[in-house]
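S.K.: Coordinates in final-v6.tsv, TSV, C-alpha atoms and all ligand atoms, are listed below.
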```tsv
chain	number	residue	atom	x	y	z
A	1	MET	CA	49.08	49.42	64.86
A	2	ARG	CA	49.58	48.94	61.13
A	3	LEU	CA	53.10	49.81	60.15
A	4	VAL	CA	55.33	49.60	57.12
A	5	MET	CA	59.15	49.48	57.39
A	6	LEU	CA	61.09	51.09	54.55
A	7	GLY	CA	64.80	51.29	53.81
A	8	PRO	CA	67.52	49.67	51.70
A	9	PRO	CA	68.46	46.00	52.04
A	10	ALA	CA	70.02	45.32	55.47
A	11	ALA	CA	68.84	48.66	56.89
A	12	GLY	CA	67.72	46.73	59.96
A	13	LYS	CA	64.05	46.55	58.93
A	14	GLY	CA	63.77	42.90	59.96
A	15	THR	CA	65.44	43.42	63.33
A	16	GLN	CA	63.31	46.45	64.14
A	17	ALA	CA	60.13	44.83	62.84
A	18	ARG	CA	60.70	41.83	65.12
A	19	LEU	CA	61.29	44.06	68.16
A	20	LEU	CA	58.21	46.14	67.39
A	21	ALA	CA	56.05	43.09	66.70
A	22	GLU	CA	56.92	41.66	70.11
A	23	ARG	CA	56.24	44.95	71.84
A	24	LEU	CA	52.98	45.76	70.03
A	25	LYS	CA	51.75	42.12	69.98
A	26	VAL	CA	51.12	42.08	66.24
A	27	PRO	CA	52.70	39.80	63.62
A	28	HIS	CA	55.87	40.65	61.73
A	29	VAL	CA	55.12	40.02	58.06
A	30	ALA	CA	58.23	39.89	55.87
A	31	SER	CA	57.57	39.48	52.15
A	32	GLY	CA	61.10	38.11	51.58
A	33	ASP	CA	60.49	35.38	54.20
A	34	LEU	CA	57.11	34.48	52.68
A	35	LEU	CA	58.76	34.23	49.24
A	36	ARG	CA	61.71	32.19	50.53
A	37	ASP	CA	59.24	29.80	52.23
A	38	GLY	CA	57.53	29.36	48.87
A	39	VAL	CA	60.88	28.62	47.20
A	40	ARG	CA	61.87	26.15	49.95
A	41	HIS	CA	58.55	24.30	49.73
A	42	ARG	CA	58.61	24.47	45.92
A	43	THR	CA	55.12	25.97	45.69
A	44	PRO	CA	54.10	27.08	42.18
A	45	LEU	CA	54.34	30.70	43.31
A	46	GLY	CA	57.76	30.11	44.91
A	47	MET	CA	59.08	28.52	41.73
A	48	GLN	CA	57.93	31.51	39.67
A	49	ALA	CA	59.51	33.96	42.13
A	50	LYS	CA	62.88	32.21	42.43
A	51	SER	CA	64.53	33.42	39.22
A	52	TYR	CA	63.72	37.06	40.03
A	53	MET	CA	65.03	36.69	43.58
A	54	ASP	CA	68.26	34.99	42.53
A	55	ARG	CA	69.08	37.92	40.27
A	56	GLY	CA	68.18	40.53	42.90
A	57	ASN	CA	65.19	41.75	40.88
A	58	LEU	CA	61.73	42.46	42.18
A	59	VAL	CA	59.19	39.64	41.97
A	60	PRO	CA	56.11	40.71	39.92
A	61	ASP	CA	53.52	42.58	41.97
A	62	GLU	CA	50.70	40.07	41.41
A	63	LEU	CA	52.72	37.23	42.98
A	64	VAL	CA	53.77	39.27	46.01
A	65	LEU	CA	50.27	40.68	46.47
A	66	GLN	CA	48.81	37.19	46.46
A	67	LEU	CA	51.11	36.16	49.31
A	68	ILE	CA	50.52	39.34	51.31
A	69	ASP	CA	46.74	39.09	50.84
A	70	GLU	CA	46.71	35.55	52.21
A	71	ARG	CA	48.90	36.51	55.15
A	72	LEU	CA	46.96	39.65	56.12
A	73	GLN	CA	43.68	37.73	56.08
A	74	LYS	CA	44.83	35.46	58.92
A	75	PRO	CA	43.21	36.15	62.30
A	76	ASP	CA	46.44	37.27	63.99
A	77	ALA	CA	46.81	40.17	61.53
A	78	GLN	CA	43.36	41.65	62.12
A	79	ALA	CA	44.43	43.95	64.96
A	80	GLY	CA	47.60	45.12	63.21
A	81	PHE	CA	50.89	44.09	61.62
A	82	ILE	CA	54.42	45.23	60.87
A	83	LEU	CA	55.18	44.90	57.17
A	84	ASP	CA	58.83	44.43	56.26
A	85	GLY	CA	59.94	44.38	52.60
A	86	PHE	CA	56.43	45.13	51.36
A	87	PRO	CA	55.37	47.42	49.74
A	88	ARG	CA	58.41	47.94	47.55
A	89	THR	CA	56.79	49.92	44.74
A	90	VAL	CA	54.22	52.70	44.66
A	91	ALA	CA	51.86	50.29	42.84
A	92	GLN	CA	52.14	47.82	45.75
A	93	ALA	CA	51.53	50.65	48.24
A	94	GLU	CA	48.40	51.68	46.38
A	95	ALA	CA	47.17	48.09	46.24
A	96	LEU	CA	47.75	47.75	49.99
A	97	ALA	CA	45.88	50.99	50.72
A	98	LYS	CA	42.88	49.78	48.70
A	99	ARG	CA	42.74	46.46	50.51
A	100	LEU	CA	42.95	48.14	53.91
A	101	GLN	CA	40.35	50.70	52.94
A	102	ALA	CA	37.99	47.87	51.95
A	103	ARG	CA	38.36	46.61	55.53
A	104	GLY	CA	37.74	50.10	56.93
A	105	VAL	CA	41.28	50.49	58.28
A	106	ALA	CA	44.45	52.34	57.23
A	107	LEU	CA	48.17	52.39	57.82
A	108	ASP	CA	49.34	54.28	60.90
A	109	LYS	CA	52.92	54.99	59.86
A	110	ALA	CA	55.69	54.20	57.37
A	111	ILE	CA	59.08	54.12	59.11
A	112	GLU	CA	62.07	54.65	56.85
A	113	LEU	CA	65.52	53.66	58.10
A	114	MET	CA	68.28	55.64	56.38
A	115	VAL	CA	71.59	53.79	55.85
A	116	PRO	CA	74.44	54.75	53.44
A	117	ASP	CA	75.33	52.34	50.57
A	118	GLU	CA	78.79	51.39	51.92
A	119	GLU	CA	77.23	50.45	55.27
A	120	VAL	CA	74.64	48.32	53.44
A	121	VAL	CA	77.35	46.34	51.62
A	122	LYS	CA	79.34	45.86	54.86
A	123	ARG	CA	76.27	44.66	56.74
A	124	ILE	CA	75.07	42.29	54.01
A	125	SER	CA	78.38	40.62	53.24
A	126	GLY	CA	78.64	39.34	56.83
A	127	ARG	CA	74.99	38.40	57.23
A	128	ARG	CA	74.22	34.75	58.05
A	129	THR	CA	70.82	33.13	58.55
A	130	CYS	CA	69.84	29.90	60.30
A	131	ARG	CA	68.46	27.36	57.83
A	132	ASN	CA	66.28	25.92	60.55
A	133	CYS	CA	64.74	28.79	62.56
A	134	GLY	CA	65.61	31.88	60.47
A	135	ALA	CA	67.61	33.61	63.27
A	136	MET	CA	70.06	36.17	61.88
A	137	TYR	CA	73.71	36.75	62.76
A	138	HIS	CA	76.60	38.84	61.47
A	139	THR	CA	80.13	37.47	61.22
A	140	ILE	CA	81.53	40.69	62.78
A	141	PHE	CA	78.73	42.60	64.54
A	142	ASP	CA	76.76	39.66	65.98
A	143	PRO	CA	78.69	36.39	65.58
A	144	PRO	CA	77.20	33.09	66.80
A	145	ARG	CA	78.99	31.32	69.69
A	146	ASN	CA	80.20	28.58	67.32
A	147	VAL	CA	81.10	29.34	63.71
A	148	ASN	CA	78.12	28.74	61.39
A	149	VAL	CA	75.97	27.20	64.15
A	150	CYS	CA	72.77	28.85	65.41
A	151	ASN	CA	72.85	29.72	69.15
A	152	ALA	CA	69.11	29.08	69.46
A	153	CYS	CA	68.61	25.72	67.71
A	154	ASN	CA	72.05	24.47	66.55
A	155	GLY	CA	70.85	24.81	62.94
A	156	GLU	CA	73.34	25.48	60.16
A	157	LEU	CA	73.99	29.13	59.27
A	158	TYR	CA	74.19	30.05	55.60
A	159	GLN	CA	74.66	33.09	53.40
A	160	ARG	CA	71.63	33.88	51.26
A	161	GLU	CA	72.44	33.62	47.54
A	162	ASP	CA	71.16	37.12	47.00
A	163	ASP	CA	73.48	38.44	49.74
A	164	GLU	CA	76.55	37.78	47.58
A	165	GLU	CA	78.31	40.98	46.53
A	166	GLY	CA	77.26	41.26	42.85
A	167	THR	CA	73.62	40.69	43.75
A	168	VAL	CA	73.79	43.14	46.64
A	169	LEU	CA	74.89	45.95	44.32
A	170	MET	CA	72.00	45.05	42.02
A	171	ARG	CA	69.56	45.10	44.97
A	172	ILE	CA	70.78	48.57	45.96
A	173	GLU	CA	70.13	49.80	42.40
A	174	VAL	CA	66.68	48.18	42.35
A	175	TYR	CA	65.97	49.83	45.69
A	176	LYS	CA	66.93	53.27	44.39
A	177	ALA	CA	64.88	52.91	41.22
A	178	ASN	CA	61.72	51.35	42.66
A	179	THR	CA	61.53	51.71	46.37
A	180	ARG	CA	62.86	55.20	46.99
A	181	PRO	CA	59.84	56.77	45.26
A	182	LEU	CA	57.81	55.04	47.96
A	183	SER	CA	59.17	57.29	50.68
A	184	GLU	CA	58.05	60.32	48.66
A	185	HIS	CA	54.66	58.67	48.26
A	186	TYR	CA	54.30	58.18	52.01
A	187	GLU	CA	55.68	61.66	52.65
A	188	ARG	CA	52.93	63.12	50.47
A	189	THR	CA	50.28	61.16	52.36
A	190	GLY	CA	51.65	62.35	55.71
A	191	LEU	CA	52.58	58.89	56.94
A	192	LEU	CA	56.36	58.96	56.67
A	193	ALA	CA	58.75	59.01	59.61
A	194	ARG	CA	62.35	59.04	58.38
A	195	MET	CA	65.15	58.19	60.78
A	196	ASP	CA	68.85	57.39	60.98
A	197	GLY	CA	69.27	53.61	60.72
A	198	VAL	CA	72.89	53.62	61.90
A	199	GLY	CA	73.38	52.81	65.56
A	200	ARG	CA	72.68	50.06	68.09
A	201	PRO	CA	69.41	48.21	67.48
A	202	ASP	CA	68.06	49.26	70.91
A	203	GLU	CA	68.81	52.94	70.17
A	204	ILE	CA	67.00	52.75	66.83
A	205	SER	CA	64.13	50.93	68.45
A	206	ARG	CA	63.79	53.76	70.98
A	207	ARG	CA	63.72	56.30	68.14
A	208	ILE	CA	60.91	54.40	66.44
A	209	LEU	CA	58.88	53.96	69.62
A	210	SER	CA	59.05	57.66	70.41
A	211	VAL	CA	57.64	58.45	66.94
A	212	LEU	CA	54.88	55.90	67.47
A	213	ASP	CA	54.05	57.36	70.89
A	214	ASP	CA	53.64	60.75	69.20
A	215	THR	CA	51.43	59.15	66.54
A	216	ARG	CA	49.20	57.58	69.18
A	217	ALA	CA	49.01	60.85	71.09
A	218	GLN	CA	47.70	62.68	68.01
A	219	PRO	CA	43.99	62.56	67.17
A	220	ALA	CA	43.26	60.11	64.33
A	221	ALA	CA	43.59	61.67	60.89
A	222	PRO	CA	40.49	61.57	58.68
A	223	ALA	CA	40.41	58.30	56.66
A	224	ARG	CA	40.69	60.24	53.38
A	225	ALA	CA	44.09	61.71	54.36
A	226	LYS	CA	45.48	58.25	54.93
A	227	GLY	CA	43.78	56.74	51.90
A	228	GLY	CA	46.77	57.20	49.62
A	229	ALA	CA	48.87	54.89	51.79
B	1	LIG	P1	64.21	40.73	51.27
B	1	LIG	O1	64.34	39.54	52.15
B	1	LIG	O2	63.14	41.68	51.69
B	1	LIG	O3	65.54	41.41	51.01
B	1	LIG	O4	63.71	40.18	49.83
B	1	LIG	C1	64.49	39.26	49.09
B	1	LIG	C2	64.03	39.26	47.63
B	1	LIG	O5	62.64	38.88	47.56
B	1	LIG	C3	64.10	40.63	46.94
B	1	LIG	O6	65.39	40.91	46.41
B	1	LIG	C4	63.04	40.45	45.85
B	1	LIG	O7	63.54	39.64	44.80
B	1	LIG	C5	61.97	39.63	46.56
B	1	LIG	N1	60.96	40.49	47.23
B	1	LIG	C6	60.72	40.62	48.56
B	1	LIG	N2	59.71	41.46	48.81
B	1	LIG	C7	59.28	41.90	47.60
B	1	LIG	C8	58.27	42.82	47.18
B	1	LIG	N3	57.48	43.47	48.06
B	1	LIG	N4	58.11	43.02	45.84
B	1	LIG	C9	58.89	42.36	44.93
B	1	LIG	N5	59.86	41.51	45.26
B	1	LIG	C10	60.07	41.27	46.58
```
Reformat the file's structure so that it appears as structure tokens.

M.R.:
Amino acid sequence: MRLVMLGPPAAGKGTQARLLAERLKVPHVASGDLLRDGVRHRTPLGMQAKSYMDRGNLVPDELVLQLIDERLQKPDAQAGFILDGFPRTVAQAEALAKRLQARGVALDKAIELMVPDEEVVKRISGRRTCRNCGAMYHTIFDPPRNVNVCNACNGELYQREDDEEGTVLMRIEVYKANTRPLSEHYERTGLLARMDGVGRPDEISRRILSVLDDTRAQPAAPARAKGGA
């Protein structure tokens, strides 16, 4: 399965993508994680991306596409993938569709998780990430056993710079301006499945899986109909 997760920051795309990736045995590819890796390892691309990320702006398409291209060419992504955070603009979606088409494949579905703005701010302000293994926690909804210590590896938990309140509001605006048109794009191409992103992760996961079961049950659409993905 080749899936794209859409939705505002902290809609639960990462959580759902991880659950789906495990279930479907395909990699979870998160553009934000790939970019943060580049920043951490001070790669030339990471250094160029950093200033955009710190301000909550989108990183230029050519940089993100370069990272995604490299990742999707790896052997583990040949049978499918769950994309999280990419595409974020219609231009990125079109670039992705072209690359897939060149390989004779297409996206199966774009899943959009709908979450109101005030819920986004509440979720993000409590979000903490392990510096070592990347595990995610929430100070209220999913606290670690010991304050600021990862349950899995004892790594230190930190708040991402771009999760601070001013930047979060900026990211919501950027989402509305650039990423929302994407759901219309995928709606037009018949790939969109929109669903309520508020609820327990296992409930949301069930909603997604039932949509995917329906997708698999349907006969494959002609390649041309999916080409606009
Ligand atoms: P995320 O972890 O998905 O919230 O992404 C964190 C930051 O990385 C975003 O605020 C952007 O600055 C950048 N970023 C991630 N994915 C993309 C993308 N597909 N296009 C442009 N910028 C991106």

S.K.: When you count only C-alpha atoms and all ligand atoms, which of these residues is closest to ligand LIG 1 (chain B): A:Gln73, A:Gln16, A:Thr167, A:Asn132?

M.R.: A:Thr167

S.K.: With all atoms of segment 86-96 of chain A from the file as input, state the centre and edge lengths in Å to one decimal of the axis-aligned box that has 5 Å extra on each side, as JSON.

M.R.:
```
{"center_x": 52.8, "center_y": 48.9, "center_z": 47.1, "size_x": 21.2, "size_y": 17.6, "size_z": 18.5}
```

S.K.: Taking the point (78.9, 24.9, 58.5) as given in the file, collect each protein or nucleic acid residue that comes within 8 Å of it, counting all atoms listed in the file, and present the set as number ranges by chain.

M.R.: A: 147-149, 156-158

S.K.: Within 9 Å of (66.8, 46.6, 60.3) (coordinates as in the file), grab all the protein and nucleic acid residues, counting all atoms listed in the file, and write them out as a PyMOL selection string.

M.R.: chain A and resi 5+7+9-17+113+197+201+204

S.K.: For the residues in the current selection, export C-alpha atoms as a short mmCIF file (atom, residue, chain, number, x, y, z; two decimals), in the coordinates of the input.

M.R.:
```cif
data_model
loop_
_atom_site.label_atom_id
_atom_site.label_comp_id
_atom_site.auth_asym_id
_atom_site.auth_seq_id
_atom_site.Cartn_x
_atom_site.Cartn_y
_atom_site.Cartn_z
CA MET A 5 59.15 49.48 57.39
CA GLY A 7 64.80 51.29 53.81
CA PRO A 9 68.46 46.00 52.04
CA ALA A 10 70.02 45.32 55.47
CA ALA A 11 68.84 48.66 56.89
CA GLY A 12 67.72 46.73 59.96
CA LYS A 13 64.05 46.55 58.93
CA GLY A 14 63.77 42.90 59.96
CA THR A 15 65.44 43.42 63.33
CA GLN A 16 63.31 46.45 64.14
CA ALA A 17 60.13 44.83 62.84
CA LEU A 113 65.52 53.66 58.10
CA GLY A 197 69.27 53.61 60.72
CA PRO A 201 69.41 48.21 67.48
CA ILE A 204 67.00 52.75 66.83
#
```

S.K.: Mind listing the residues within 8 Å of ligand LIG 1 (chain B), all atoms listed in the file counted, as a PyMOL selection string?

M.R.: chain A and resi 9-10+30-33+35-36+49-50+52-61+64-65+84-89+92+162+171

S.K.: Need the shell around segment 139-144 of chain A: protein/DNA/RNA residues with any atom at most 8 Å away, counting all atoms listed in the file. Skip same-chain ones fewer than 6 positions apart. Format as a list in words?

M.R.: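 So the residues in contact are Gly126, Arg127, Arg128, Cys150 and Asn151 of chain A.
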
S.K.: For segment 205-213 of chain A, please output as a ChimeraX atom specification all residues within 10 Å (counting all atoms listed in the file; exclusion window: fewer than 3 positions along the same chain).

M.R.: /A:1,3,15-17,19-20,23,108-109,111-113,193-197,199-202,216-218

S.K.: When you draw a straight line from atom CA of Asp163 of chain A to atom CA of Val198 of chain A, how long is it in Å?

M.R.: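 Between atom CA of Asp163 of chain A and atom CA of Val198 of chain A the gap is 19.5 Å.
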
S.K.: Which residues are close to Ala110 of chain A, i.e. within 10 Å by all atoms listed in the file, leaving aside same-chain residues fewer than 4 positions away? Reply as a list of chain:residue names.

M.R.: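 Result of the neighbour search: A:Arg2, A:Leu3, A:Val4, A:Met5, A:Leu6, A:Ile82, A:Leu83, A:Leu182, A:Ser183, A:Tyr186, A:Glu187, A:Gly190, A:Leu191, A:Leu192, A:Ala193, A:Arg194, A:Ala229.
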
S.K.: Compile the contact shell of Gly80 of chain A as a PyMOL selection string: residues with an atom at most 10 Å away, counting only C-alpha atoms, same-chain residues fewer than 6 positions apart removed.

M.R.: chain A and resi 1-3+21+24-28+72+105-108

S.K.: For those residues, write C-alpha atoms to a file as a PDB file, keeping the file's coordinate frame.

M.R.:
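And here is the file that came out, selection-v2.pdb:
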```pdb
ATOM      1  CA  MET A   1      49.080  49.420  64.860  1.00  0.00           C
ATOM      2  CA  ARG A   2      49.580  48.940  61.130  1.00  0.00           C
ATOM      3  CA  LEU A   3      53.100  49.810  60.150  1.00  0.00           C
ATOM      4  CA  ALA A  21      56.050  43.090  66.700  1.00  0.00           C
ATOM      5  CA  LEU A  24      52.980  45.760  70.030  1.00  0.00           C
ATOM      6  CA  LYS A  25      51.750  42.120  69.980  1.00  0.00           C
ATOM      7  CA  VAL A  26      51.120  42.080  66.240  1.00  0.00           C
ATOM      8  CA  PRO A  27      52.700  39.800  63.620  1.00  0.00           C
ATOM      9  CA  HIS A  28      55.870  40.650  61.730  1.00  0.00           C
ATOM     10  CA  LEU A  72      46.960  39.650  56.120  1.00  0.00           C
ATOM     11  CA  VAL A 105      41.280  50.490  58.280  1.00  0.00           C
ATOM     12  CA  ALA A 106      44.450  52.340  57.230  1.00  0.00           C
ATOM     13  CA  LEU A 107      48.170  52.390  57.820  1.00  0.00           C
ATOM     14  CA  ASP A 108      49.340  54.280  60.900  1.00  0.00           C
TER      15      ASP A 108
END
```

S.K.: Please report the interatomic distance between atom CA of Cys130 of chain A and atom CA of Arg160 of chain A in Å with one decimal.

M.R.: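 Rounded to one decimal, the two atoms are 10.0 Å apart.
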
S.K.: Compare A:Asp76, A:Thr215, A:Glu62, A:Val121 by their minimum atom-to-atom distance to Ala95 of chain A, counting only C-alpha atoms, and give me the closest one.

M.R.: A:Glu62

S.K.: Just the number, please: distance in Å from atom CA of Leu34 of chain A to atom CA of Lys74 of chain A, one decimal.

M.R.: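 Spanning atom CA of Leu34 of chain A to atom CA of Lys74 of chain A is a straight-line distance of 13.8 Å.
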
S.K.: Counting only C-alpha atoms, which residue out of A:Asp117, A:Asp37, A:Glu22, A:Asp69 sits closest to Glu173 of chain A?

M.R.: A:Asp117
